[in-house]
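Novice: I'm passing along query14.cif; it holds mmCIF, C-alpha atoms.
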```
data_structure
loop_
_atom_site.label_atom_id
_atom_site.label_comp_id
_atom_site.auth_asym_id
_atom_site.auth_seq_id
_atom_site.Cartn_x
_atom_site.Cartn_y
_atom_site.Cartn_z
CA MET A 1 -12.14 19.16 -22.81
CA ALA A 2 -9.47 16.87 -24.18
CA VAL A 3 -9.05 13.48 -22.61
CA THR A 4 -5.71 13.11 -20.85
CA GLN A 5 -3.78 10.02 -21.85
CA PHE A 6 -2.26 7.80 -19.19
CA ASN A 7 1.32 8.51 -18.21
CA LEU A 8 2.25 4.86 -18.68
CA ASN A 9 4.36 3.13 -21.23
CA ALA A 10 2.52 1.18 -23.90
CA ARG A 11 0.90 -1.90 -22.35
CA GLN A 12 2.28 -1.04 -18.93
CA ARG A 13 -0.22 -1.78 -16.19
CA ALA A 14 -1.03 0.86 -13.62
CA GLU A 15 -0.09 -0.23 -10.14
CA ARG A 16 -2.94 -0.15 -7.67
CA LYS A 17 -1.17 2.40 -5.54
CA LEU A 18 -1.64 4.98 -8.30
CA LEU A 19 -5.36 5.25 -7.45
CA ILE A 20 -5.46 7.19 -4.22
CA THR A 21 -8.39 8.13 -2.02
CA VAL A 22 -7.85 10.90 0.49
CA ALA A 23 -10.27 11.95 3.25
CA GLU A 24 -10.24 15.54 4.47
CA TRP A 25 -12.11 16.96 7.44
CA TYR A 26 -11.97 19.54 10.16
CA GLU A 27 -11.31 18.61 13.77
CA GLU A 28 -13.39 20.10 16.54
CA GLU A 29 -11.41 22.43 18.78
CA GLY A 30 -13.73 23.27 21.63
CA THR A 31 -16.77 24.88 20.11
CA SER A 32 -15.10 25.69 16.80
CA THR A 33 -13.27 23.68 14.20
CA SER A 34 -9.62 23.58 13.25
CA ALA A 35 -8.41 26.33 10.96
CA SER A 36 -6.81 23.95 8.51
CA PRO A 37 -8.20 20.63 7.39
CA VAL A 38 -6.83 17.28 8.42
CA ARG A 39 -6.16 14.69 5.75
CA GLU A 40 -5.52 10.99 5.63
CA ILE A 41 -4.59 8.92 2.63
CA LEU A 42 -6.72 5.80 2.94
CA GLY A 43 -5.57 2.26 2.37
CA THR A 44 -2.84 1.52 4.90
CA ARG A 45 -2.74 -2.27 5.36
CA THR A 46 -5.70 -2.70 3.01
CA GLU A 47 -5.12 -5.41 0.42
CA ASP A 48 -7.99 -4.74 -1.94
CA SER A 49 -10.39 -1.85 -2.31
CA ALA A 50 -12.35 -0.46 -5.24
CA ILE A 51 -14.76 2.38 -5.86
CA GLU A 52 -18.13 0.81 -6.61
CA TYR A 53 -20.32 3.16 -8.64
CA ASN A 54 -23.63 1.40 -7.94
CA ALA A 55 -25.19 2.74 -11.09
CA ASP A 56 -28.99 2.86 -11.21
CA ILE A 57 -29.63 1.53 -14.69
CA GLU A 58 -32.92 1.39 -16.52
CA THR A 59 -33.22 -0.45 -19.79
CA THR A 60 -36.23 -0.35 -22.09
CA THR A 61 -36.78 -2.16 -25.36
CA ASP A 62 -38.77 -0.64 -28.17
CA ILE A 63 -41.12 -2.55 -30.46
CA ARG A 64 -38.24 -3.12 -32.88
CA GLY A 65 -36.31 -4.96 -30.17
CA ILE A 66 -33.70 -2.27 -29.70
CA ASN A 67 -32.54 -1.66 -26.15
CA TYR A 68 -32.17 1.79 -24.69
CA THR A 69 -30.26 1.96 -21.45
CA ASP A 70 -30.31 4.96 -19.21
CA VAL A 71 -28.04 5.56 -16.26
CA ASN A 72 -30.18 7.52 -13.85
CA ARG A 73 -27.49 8.08 -11.27
CA THR A 74 -24.41 6.63 -9.66
CA GLN A 75 -23.85 6.28 -5.94
CA PRO A 76 -20.10 5.77 -5.62
CA GLN A 77 -18.91 3.96 -2.56
CA GLN A 78 -15.53 2.59 -1.49
CA ASP A 79 -15.06 0.10 1.32
CA PHE A 80 -11.80 -0.29 3.23
CA ASP A 81 -11.65 -3.66 4.94
CA PRO A 82 -9.49 -4.15 6.85
CA TYR A 83 -9.17 -0.66 8.21
CA LEU A 84 -6.96 -1.48 11.16
CA ILE A 85 -6.76 0.58 14.29
CA LEU A 86 -3.22 1.89 13.89
CA GLY A 87 -1.18 4.21 16.02
CA GLY A 88 -1.03 7.61 14.34
CA SER A 89 -4.20 7.13 12.30
CA LYS A 90 -5.97 10.49 12.44
CA LEU A 91 -9.12 9.31 10.72
CA GLY A 92 -9.29 6.18 12.87
CA ALA A 93 -9.18 8.28 16.02
CA PHE A 94 -11.74 10.72 14.61
CA LEU A 95 -14.18 7.95 13.68
CA ASN A 96 -13.65 6.11 16.96
CA ASP A 97 -14.67 9.27 18.80
CA LYS A 98 -17.88 9.42 16.74
CA ARG A 99 -18.48 5.73 17.37
CA ARG A 100 -18.15 6.10 21.13
CA ARG A 101 -20.67 8.92 21.17
CA ASN A 102 -22.89 7.38 18.50
CA ALA A 103 -22.55 10.75 16.77
CA VAL A 104 -23.73 9.48 13.41
CA SER A 105 -24.85 12.94 12.32
CA GLU A 106 -21.22 14.07 12.37
CA LEU A 107 -20.07 11.59 9.74
CA ASN A 108 -21.22 13.43 6.63
CA ASP A 109 -18.97 16.42 6.19
CA PHE A 110 -15.86 14.97 4.62
CA THR A 111 -14.17 16.15 1.48
CA VAL A 112 -12.83 13.20 -0.44
CA TYR A 113 -10.24 13.41 -3.19
CA VAL A 114 -9.77 10.63 -5.69
CA ILE A 115 -6.36 11.00 -7.28
CA THR A 116 -5.53 9.10 -10.45
CA ALA A 117 -1.76 9.31 -10.50
CA PHE A 118 -1.64 7.29 -13.71
CA ALA A 119 -3.13 10.30 -15.52
CA GLY A 120 -1.58 13.71 -15.71
CA GLU A 121 2.04 14.53 -15.30
CA SER A 122 4.60 15.20 -12.66
CA GLY A 123 3.36 18.07 -10.55
CA ALA A 124 -0.18 17.90 -11.99
CA TYR A 125 -1.84 14.55 -11.42
CA GLU A 126 -5.51 14.29 -12.29
CA ALA A 127 -7.91 14.24 -9.38
CA GLU A 128 -11.51 14.82 -8.49
CA ALA A 129 -12.92 16.30 -5.32
CA HIS A 130 -16.24 15.60 -3.63
CA THR A 131 -17.52 17.69 -0.73
CA GLY A 132 -20.14 16.63 1.79
CA CYS A 133 -19.12 12.99 1.70
CA THR A 134 -19.97 10.45 4.36
CA ILE A 135 -17.58 7.98 5.97
CA THR A 136 -19.09 5.31 8.18
CA TYR A 137 -17.57 2.79 10.52
CA ASN A 138 -19.15 -0.57 9.80
CA SER A 139 -17.94 -2.72 12.68
CA ILE A 140 -15.13 -2.96 15.17
CA GLY A 141 -13.38 -6.11 16.33
CA GLY A 142 -11.42 -8.81 14.59
CA ASP A 143 -9.07 -11.61 15.56
CA SER A 144 -5.43 -10.72 16.20
CA ASN A 145 -5.78 -7.00 15.64
CA VAL A 146 -8.61 -4.54 16.04
CA ASN A 147 -10.25 -3.84 12.72
CA MET A 148 -12.80 -1.10 12.10
CA PRO A 149 -13.85 -1.43 8.45
CA ILE A 150 -15.09 1.81 6.94
CA SER A 151 -17.12 2.81 3.92
CA VAL A 152 -16.64 6.04 2.01
CA TYR A 153 -19.72 7.40 0.24
CA LEU A 154 -18.85 9.96 -2.42
CA SER A 155 -21.28 12.83 -2.85
CA ASN A 156 -20.86 13.45 -6.59
CA ASP A 157 -20.90 17.11 -5.62
CA TYR A 158 -18.45 19.92 -5.03
CA ASN A 159 -19.74 22.83 -3.01
CA GLY A 160 -23.27 22.59 -4.37
CA SER A 161 -22.27 22.51 -8.03
CA GLY A 162 -24.03 19.22 -8.61
CA ALA A 163 -20.90 17.46 -9.82
CA PRO A 164 -17.50 16.59 -8.42
CA ALA A 165 -14.76 19.08 -9.17
CA THR A 166 -12.12 17.87 -11.57
CA GLY A 167 -8.63 19.22 -11.28
CA THR A 168 -5.10 18.32 -10.41
CA VAL A 169 -2.94 17.85 -7.37
CA ASN A 170 0.64 19.00 -7.32
CA LYS A 171 2.08 16.04 -5.42
CA LEU A 172 1.22 12.70 -3.91
CA THR A 173 1.66 13.42 -0.24
CA ASP A 174 -1.17 14.50 2.03
CA ASP A 175 -0.10 18.15 1.89
CA PHE A 176 -0.98 18.38 -1.80
CA VAL A 177 -2.74 21.39 -3.28
CA PHE A 178 -5.87 20.66 -5.32
CA THR A 179 -6.37 23.03 -8.24
CA PRO A 180 -9.78 22.80 -9.90
CA ASP A 181 -9.82 22.88 -13.68
CA ALA A 182 -10.60 26.23 -15.29
CA GLN A 183 -14.26 26.46 -16.21
CA GLY A 184 -15.45 27.06 -19.74
CA MET B 1 19.07 0.81 2.95
CA VAL B 2 19.73 -0.94 6.22
CA ASP B 3 21.62 -4.24 6.10
CA LYS B 4 19.07 -6.51 7.73
CA ASN B 5 21.63 -9.16 8.56
CA GLN B 6 23.64 -6.60 10.48
CA ALA B 7 20.44 -5.38 12.11
CA ILE B 8 19.72 -8.93 13.29
CA ILE B 9 23.22 -9.29 14.72
CA ASP B 10 22.89 -5.93 16.49
CA TYR B 11 19.58 -7.11 17.83
CA LEU B 12 20.67 -10.53 19.03
CA ILE B 13 23.75 -9.33 20.85
CA GLN B 14 21.37 -7.61 23.25
CA CYS B 15 20.54 -11.11 24.46
CA PRO B 16 22.57 -12.07 27.54
CA ASN B 17 22.79 -15.64 26.29
CA ILE B 18 24.48 -14.51 23.10
CA VAL B 19 26.58 -11.55 24.08
CA ASN B 20 29.04 -13.74 25.98
CA SER B 21 29.22 -16.46 23.37
CA PRO B 22 31.13 -16.52 20.11
CA LEU B 23 28.64 -15.51 17.42
CA TYR B 24 29.02 -16.60 13.82
CA PHE B 25 27.05 -15.74 10.72
CA ASN B 26 26.38 -18.30 7.98
CA LEU B 27 29.28 -20.43 9.16
CA ILE B 28 29.42 -23.76 10.86
CA ASN B 29 31.93 -23.73 13.67
CA ALA B 30 30.91 -26.53 15.95
CA LYS B 31 32.33 -25.69 19.35
CA ASN B 32 30.81 -25.66 22.77
CA ASP B 33 28.73 -22.53 23.48
CA ASN B 34 29.08 -21.20 19.95
CA VAL B 35 26.00 -19.47 18.58
CA GLN B 36 25.42 -19.14 14.86
CA ILE B 37 22.95 -17.26 12.74
CA ILE B 38 21.99 -18.90 9.50
CA THR B 39 19.77 -17.01 7.09
CA ARG B 40 17.04 -19.04 5.50
CA ALA B 41 14.49 -17.84 2.94
CA ASN B 42 15.73 -14.40 3.79
CA ASP B 43 13.47 -11.47 3.00
CA THR B 44 10.52 -13.07 1.31
CA THR B 45 7.58 -11.09 0.05
CA MET B 46 4.61 -12.68 1.74
CA ASP B 47 1.72 -11.36 -0.26
CA LYS B 48 0.80 -8.88 -2.91
CA PRO B 49 1.32 -5.24 -2.00
CA PHE B 50 -1.26 -3.32 -0.03
CA ILE B 51 -3.14 -0.73 -2.06
CA ASP B 52 -0.82 2.02 -0.88
CA GLY B 53 2.17 0.17 -2.35
CA SER B 54 3.67 -1.04 0.92
CA ILE B 55 4.62 -4.72 0.96
CA PRO B 56 4.34 -7.30 3.75
CA LYS B 57 7.61 -9.20 4.01
CA GLN B 58 9.20 -11.83 6.14
CA TYR B 59 12.81 -12.16 7.18
CA THR B 60 13.62 -15.60 8.53
CA PHE B 61 16.73 -16.96 10.11
CA THR B 62 17.85 -19.80 12.32
CA ILE B 63 19.88 -19.56 15.48
CA ILE B 64 22.12 -22.56 15.97
CA VAL B 65 23.47 -23.26 19.43
CA PHE B 66 26.18 -25.82 20.09
CA LYS B 67 26.42 -27.38 23.52
CA SER B 68 28.79 -30.04 24.78
CA ILE B 69 27.01 -33.10 26.01
CA SER B 70 27.54 -35.27 29.02
CA GLU B 71 27.50 -39.02 28.92
CA ASN B 72 26.73 -39.27 32.62
CA PRO B 73 23.44 -40.80 33.65
CA ILE B 74 20.80 -38.42 34.88
CA VAL B 75 20.04 -40.34 38.07
CA THR B 76 23.03 -41.72 39.93
CA GLU B 77 21.45 -42.62 43.20
CA VAL B 78 17.81 -42.95 43.99
CA GLY B 79 16.70 -40.22 46.35
CA THR B 80 19.62 -37.84 45.76
CA GLY B 81 17.91 -35.84 43.04
CA TYR B 82 19.55 -35.39 39.71
CA THR B 83 21.79 -33.07 37.81
CA ASN B 84 22.69 -33.29 34.23
CA GLU B 85 24.68 -31.01 31.96
CA ASN B 86 22.51 -31.87 28.98
CA ILE B 87 19.38 -30.64 30.72
CA ASP B 88 21.14 -27.46 31.81
CA ASP B 89 22.38 -26.87 28.27
CA LEU B 90 18.93 -27.30 26.87
CA ALA B 91 17.75 -24.77 29.43
CA ASP B 92 20.38 -22.34 28.12
CA ALA B 93 19.09 -22.73 24.60
CA GLN B 94 15.55 -22.40 25.89
CA ALA B 95 16.52 -19.14 27.61
CA LEU B 96 17.68 -17.76 24.30
CA LEU B 97 14.38 -18.70 22.70
CA ASP B 98 12.48 -17.20 25.62
CA TRP B 99 14.45 -13.98 25.20
CA VAL B 100 13.13 -13.64 21.65
CA VAL B 101 9.59 -14.30 22.86
CA THR B 102 10.00 -11.66 25.55
CA GLN B 103 11.17 -9.11 23.00
CA GLN B 104 7.91 -9.61 21.14
CA GLU B 105 6.01 -8.81 24.31
CA LEU B 106 8.23 -5.76 24.90
CA ARG B 107 7.94 -4.78 21.24
CA ASN B 108 11.70 -4.57 21.05
CA PHE B 109 12.36 -5.32 17.41
CA PRO B 110 15.35 -5.28 15.07
CA ASP B 111 15.91 -1.90 13.47
CA PHE B 112 15.34 -2.41 9.75
CA GLY B 113 15.49 1.30 9.03
CA GLU B 114 12.91 3.98 8.41
CA ASP B 115 11.52 2.27 5.32
CA CYS B 116 10.51 -0.83 7.26
CA TYR B 117 8.05 -1.25 10.07
CA VAL B 118 8.52 -4.45 12.06
CA ASP B 119 5.19 -5.98 13.02
CA ASP B 120 6.37 -8.84 15.15
CA ILE B 121 9.13 -11.33 15.81
CA GLN B 122 8.22 -14.96 16.39
CA THR B 123 9.96 -18.23 17.03
CA THR B 124 8.81 -21.15 14.92
CA THR B 125 8.74 -23.49 17.92
CA ASN B 126 8.24 -23.16 21.64
CA VAL B 127 11.33 -25.20 22.47
CA PRO B 128 14.71 -25.45 20.77
CA ARG B 129 14.88 -28.23 18.26
CA LEU B 130 17.62 -30.80 18.76
CA GLU B 131 19.10 -31.13 15.29
CA GLY B 132 21.58 -33.81 16.20
CA ILE B 133 24.40 -35.04 18.39
CA ASN B 134 27.95 -35.48 17.15
CA ASP B 135 29.84 -37.83 19.45
CA GLU B 136 32.89 -37.93 17.22
CA LEU B 137 33.95 -34.50 18.42
CA THR B 138 35.75 -33.75 21.63
CA PRO B 139 33.76 -32.92 23.58
CA PRO B 140 30.69 -34.43 21.91
CA LEU B 141 28.29 -31.69 20.84
CA ALA B 142 24.57 -31.31 20.60
CA MET B 143 23.22 -28.88 18.03
CA TYR B 144 20.03 -27.01 18.86
CA SER B 145 18.21 -24.76 16.42
CA ILE B 146 15.74 -21.95 16.95
CA GLY B 147 13.81 -20.68 13.95
CA VAL B 148 12.92 -17.01 14.04
CA ILE B 149 10.57 -15.06 11.79
CA VAL B 150 10.46 -11.28 11.57
CA ASN B 151 7.28 -9.99 9.92
CA TYR B 152 7.62 -6.46 8.66
CA ILE B 153 6.16 -3.98 6.24
CA ASP B 154 8.42 -2.55 3.58
CA THR B 155 7.12 0.97 3.05
CA SER B 156 9.77 2.11 0.58
CA LYS B 157 7.34 1.76 -2.34
CA MET B 158 4.42 3.51 -0.70
CA ILE B 159 2.97 5.93 -3.19
CA TRP B 160 3.11 9.01 -1.03
CA LYS B 161 6.69 8.29 -0.08
CA GLU B 162 7.68 8.57 -3.69
CA ASN B 163 6.11 12.03 -3.66
CA ASP B 164 6.66 13.39 -7.11
CA HIS B 165 5.71 10.50 -9.31
CA GLY B 166 6.86 11.65 -12.69
CA SER B 167 5.53 10.60 -16.03
CA ASN B 168 6.78 7.22 -17.25
CA THR B 169 8.82 6.66 -14.14
CA ILE B 170 6.51 4.06 -12.64
CA GLN B 171 8.21 0.87 -11.57
CA PRO B 172 6.91 -2.12 -13.52
#
```
When written as structure tokens, how does the structure in this file appear?

Specialist:
Amino acid sequence: MAVTQFNLNARQRAERKLLITVAEWYEEEGTSTSASPVREILGTRTEDSAIEYNADIETTTDIRGINYTDVNRTQPQQDFDPYLILGGSKLGAFLNDKRRRNAVSELNDFTVYVITAFAGESGAYEAEAHTGCTITYNSIGGDSNVNMPISVYLSNDYNGSGAPATGTVNKLTDDFVFTPDAQG
Amino acid sequence: MVDKNQAIIDYLIQCPNIVNSPLYFNLINAKNDNVQIITRANDTTMDKPFIDGSIPKQYTFTIIVFKSISENPIVTEVGTGYTNENIDDLADAQALLDWVVTQQELRNFPDFGEDCYVDDIQTTTNVPRLEGINDELTPPLAMYSIGVIVNYIDTSKMIWKENDHGSNTIQP
């Protein structure tokens, strides 16, 4: 598959806001779950956040002194600190409910989209989707305002395929439609 | 785009200490009971943008209050208590400052429009600052100042507000 070039002018830097992480989940409604997923674009009031890939790297050197480096796996993770308790935050309320009940087993069924709006074109921005992701609350407290930093652990999987799904989103609001790339 | 200066005027005239006083904007008109708003370092970006593209900003201004001063002594006779216009005038200026502090507690903020979210409004001091006394005027005037800071988030550049972010249309 051809590599998509960035939709930036020559030497233009991509603003940080063009890398977007979106959490998607289903709310419990009694004994069932909501019919449509709930989404939140992460990063409100966060000054700095990056996806850390935590690559497991193994390097060997043969008898000629040449190095061979293997990447066994990556374990992508993104921390959001601060993640302030804000009025209207759907994910904050969802995680706070889990925190109160210590329902840690309910934290691992998120779908997370990583949208790279600096690649693709209007109406079809490149994105990747991971299902079965985990989002944890790391602490709660702070000084002037209540902060509940969270970590997002990407699964590197999309519905059991063994890899994230690549595709596009049609717009940059939380009601976007994700269209996986055609296979083959 | 909301005119923030107008928004501040609309906000301050809610204050009982201002609504009945002549209010001026960026103008020195030294008369008793006049209140003036002077913008200072207006609309400064405080930090780099958040990762969603919203920007923390600060709007600062100074409220100037002119009060005539009395040259009478505070204590005229021992044991009769005291009254003094200067103390009462300072209390008036203090009431204006306290009104701003109360609005913070009530979360009653200036309306900077839908693209701005006001976080808080603060005074830079707990008491009005006496900037000076001009005894060449009739009546002599004292000038008090109250510094005010409005911290707000400008959300106009948030990525998902821009919605359809077309190719090569990214702001540098």

Novice: Could you list, as an MDAnalysis selection string, every residue of chain A that has an atom within 9 Å of an atom of chain B, counting all atoms listed in the file?

Specialist: chainID A and resid 6:9 12:20 41:49 117:123 125 170:174

Novice: Once you count all atoms listed in the file, which residues end up no further than 7 Å from (-16.6, 15.2, -9.6) in the file's frame, shown as a PyMOL selection string?

Specialist: chain A and resi 128-130+156-158+163-166

Novice: Using only C-alpha atoms, determine which residues lie at most 7 Å from segment 84-100 of chain B, disregarding the query and same-chain residues fewer than 2 positions distant; provide the list as a ChimeraX atom specification.

Specialist: /B:15,17,65,67,69-70,74,82,102-104,127-128,146

Novice: How about saving the chosen residues, C-alpha atoms kept, as a compact mmCIF listing (two decimals), in the frame of the given file?

Specialist:
```txt
# COMPACT_ATOMS: atom_id res chain seq x y z
CA CYS B 15 20.54 -11.11 24.46
CA ASN B 17 22.79 -15.64 26.29
CA VAL B 65 23.47 -23.26 19.43
CA LYS B 67 26.42 -27.38 23.52
CA ILE B 69 27.01 -33.10 26.01
CA SER B 70 27.54 -35.27 29.02
CA ILE B 74 20.80 -38.42 34.88
CA TYR B 82 19.55 -35.39 39.71
CA THR B 102 10.00 -11.66 25.55
CA GLN B 103 11.17 -9.11 23.00
CA GLN B 104 7.91 -9.61 21.14
CA VAL B 127 11.33 -25.20 22.47
CA PRO B 128 14.71 -25.45 20.77
CA ILE B 146 15.74 -21.95 16.95
```

Novice: For the atom pair atom CA of Gln77 of chain A and atom CA of Asn54 of chain A, what is the interatomic distance in Å to one decimal place?

Specialist: 7.6 Å

Novice: Would you kindly return, as a ChimeraX atom specification, each protein, DNA or RNA residue with an atom no farther than 8 Å from any atom of Val152 of chain A, considering all atoms listed in the file and excluding same-chain residues fewer than 2 positions away?

Specialist: /A:77-79,133-136,150,154

Novice: Quick one: pull the distance between atom CA of Ile149 of chain B and atom CA of Thr124 of chain B, Å, one decimal.

Specialist: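 Taking atom CA of Ile149 of chain B and atom CA of Thr124 of chain B, their separation equals 7.1 Å.
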
Novice: To one decimal place in Å, what is the distance between atom CA of Met1 of chain B and atom CA of Asp111 of chain B?

Specialist: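 Value for the atom CA of Met1 of chain B-atom CA of Asp111 of chain B distance: 11.3 Å.
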
Novice: Is there a way to get, as a ChimeraX atom specification, all residues within 8 Å of the point (-23.6, 5.3, -14.8) in file coordinates, counting all atoms listed in the file?

Specialist: /A:53-57,71-74

Novice: Give me the residues near Asn20 of chain B as a PyMOL selection string, where near means some atom within 12 Å (using all atoms listed in the file) and where sequence neighbours in that chain fewer than 5 positions away do not count.

Specialist: chain B and resi 12-15+33-35

Novice: Return as an MDAnalysis selection string the set of residues that the PyMOL selection byres ((chain B and resi 2) around 9) yields on the displayed structure.

Specialist: chainID B and resid 1 3:7 111:115

Novice: Could you tell me which residues the PyMOL selection byres ((chain B and resi 138) around 12) grabs in this file, written as a ChimeraX atom specification?

Specialist: /B:30-32,67-70,133-137,139-142

Novice: Using only C-alpha atoms for the distances, tell me which of B:Asp120, B:Glu105, B:Gly147, B:Glu131 is nearest to Ile37 of chain B.

Specialist: B:Gly147

Novice: Suppose a student applies the PyMOL selection byres ((chain A and resi 25) around 8) to this structure; what residues should they get, written as a list in words?

Specialist: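 Here the PyMOL selection byres ((chain A and resi 25) around 8) matches Ala23, Glu24, Tyr26, Glu27, Pro37, Val38, Arg39, Asp109, Phe110 and Thr111 of chain A.
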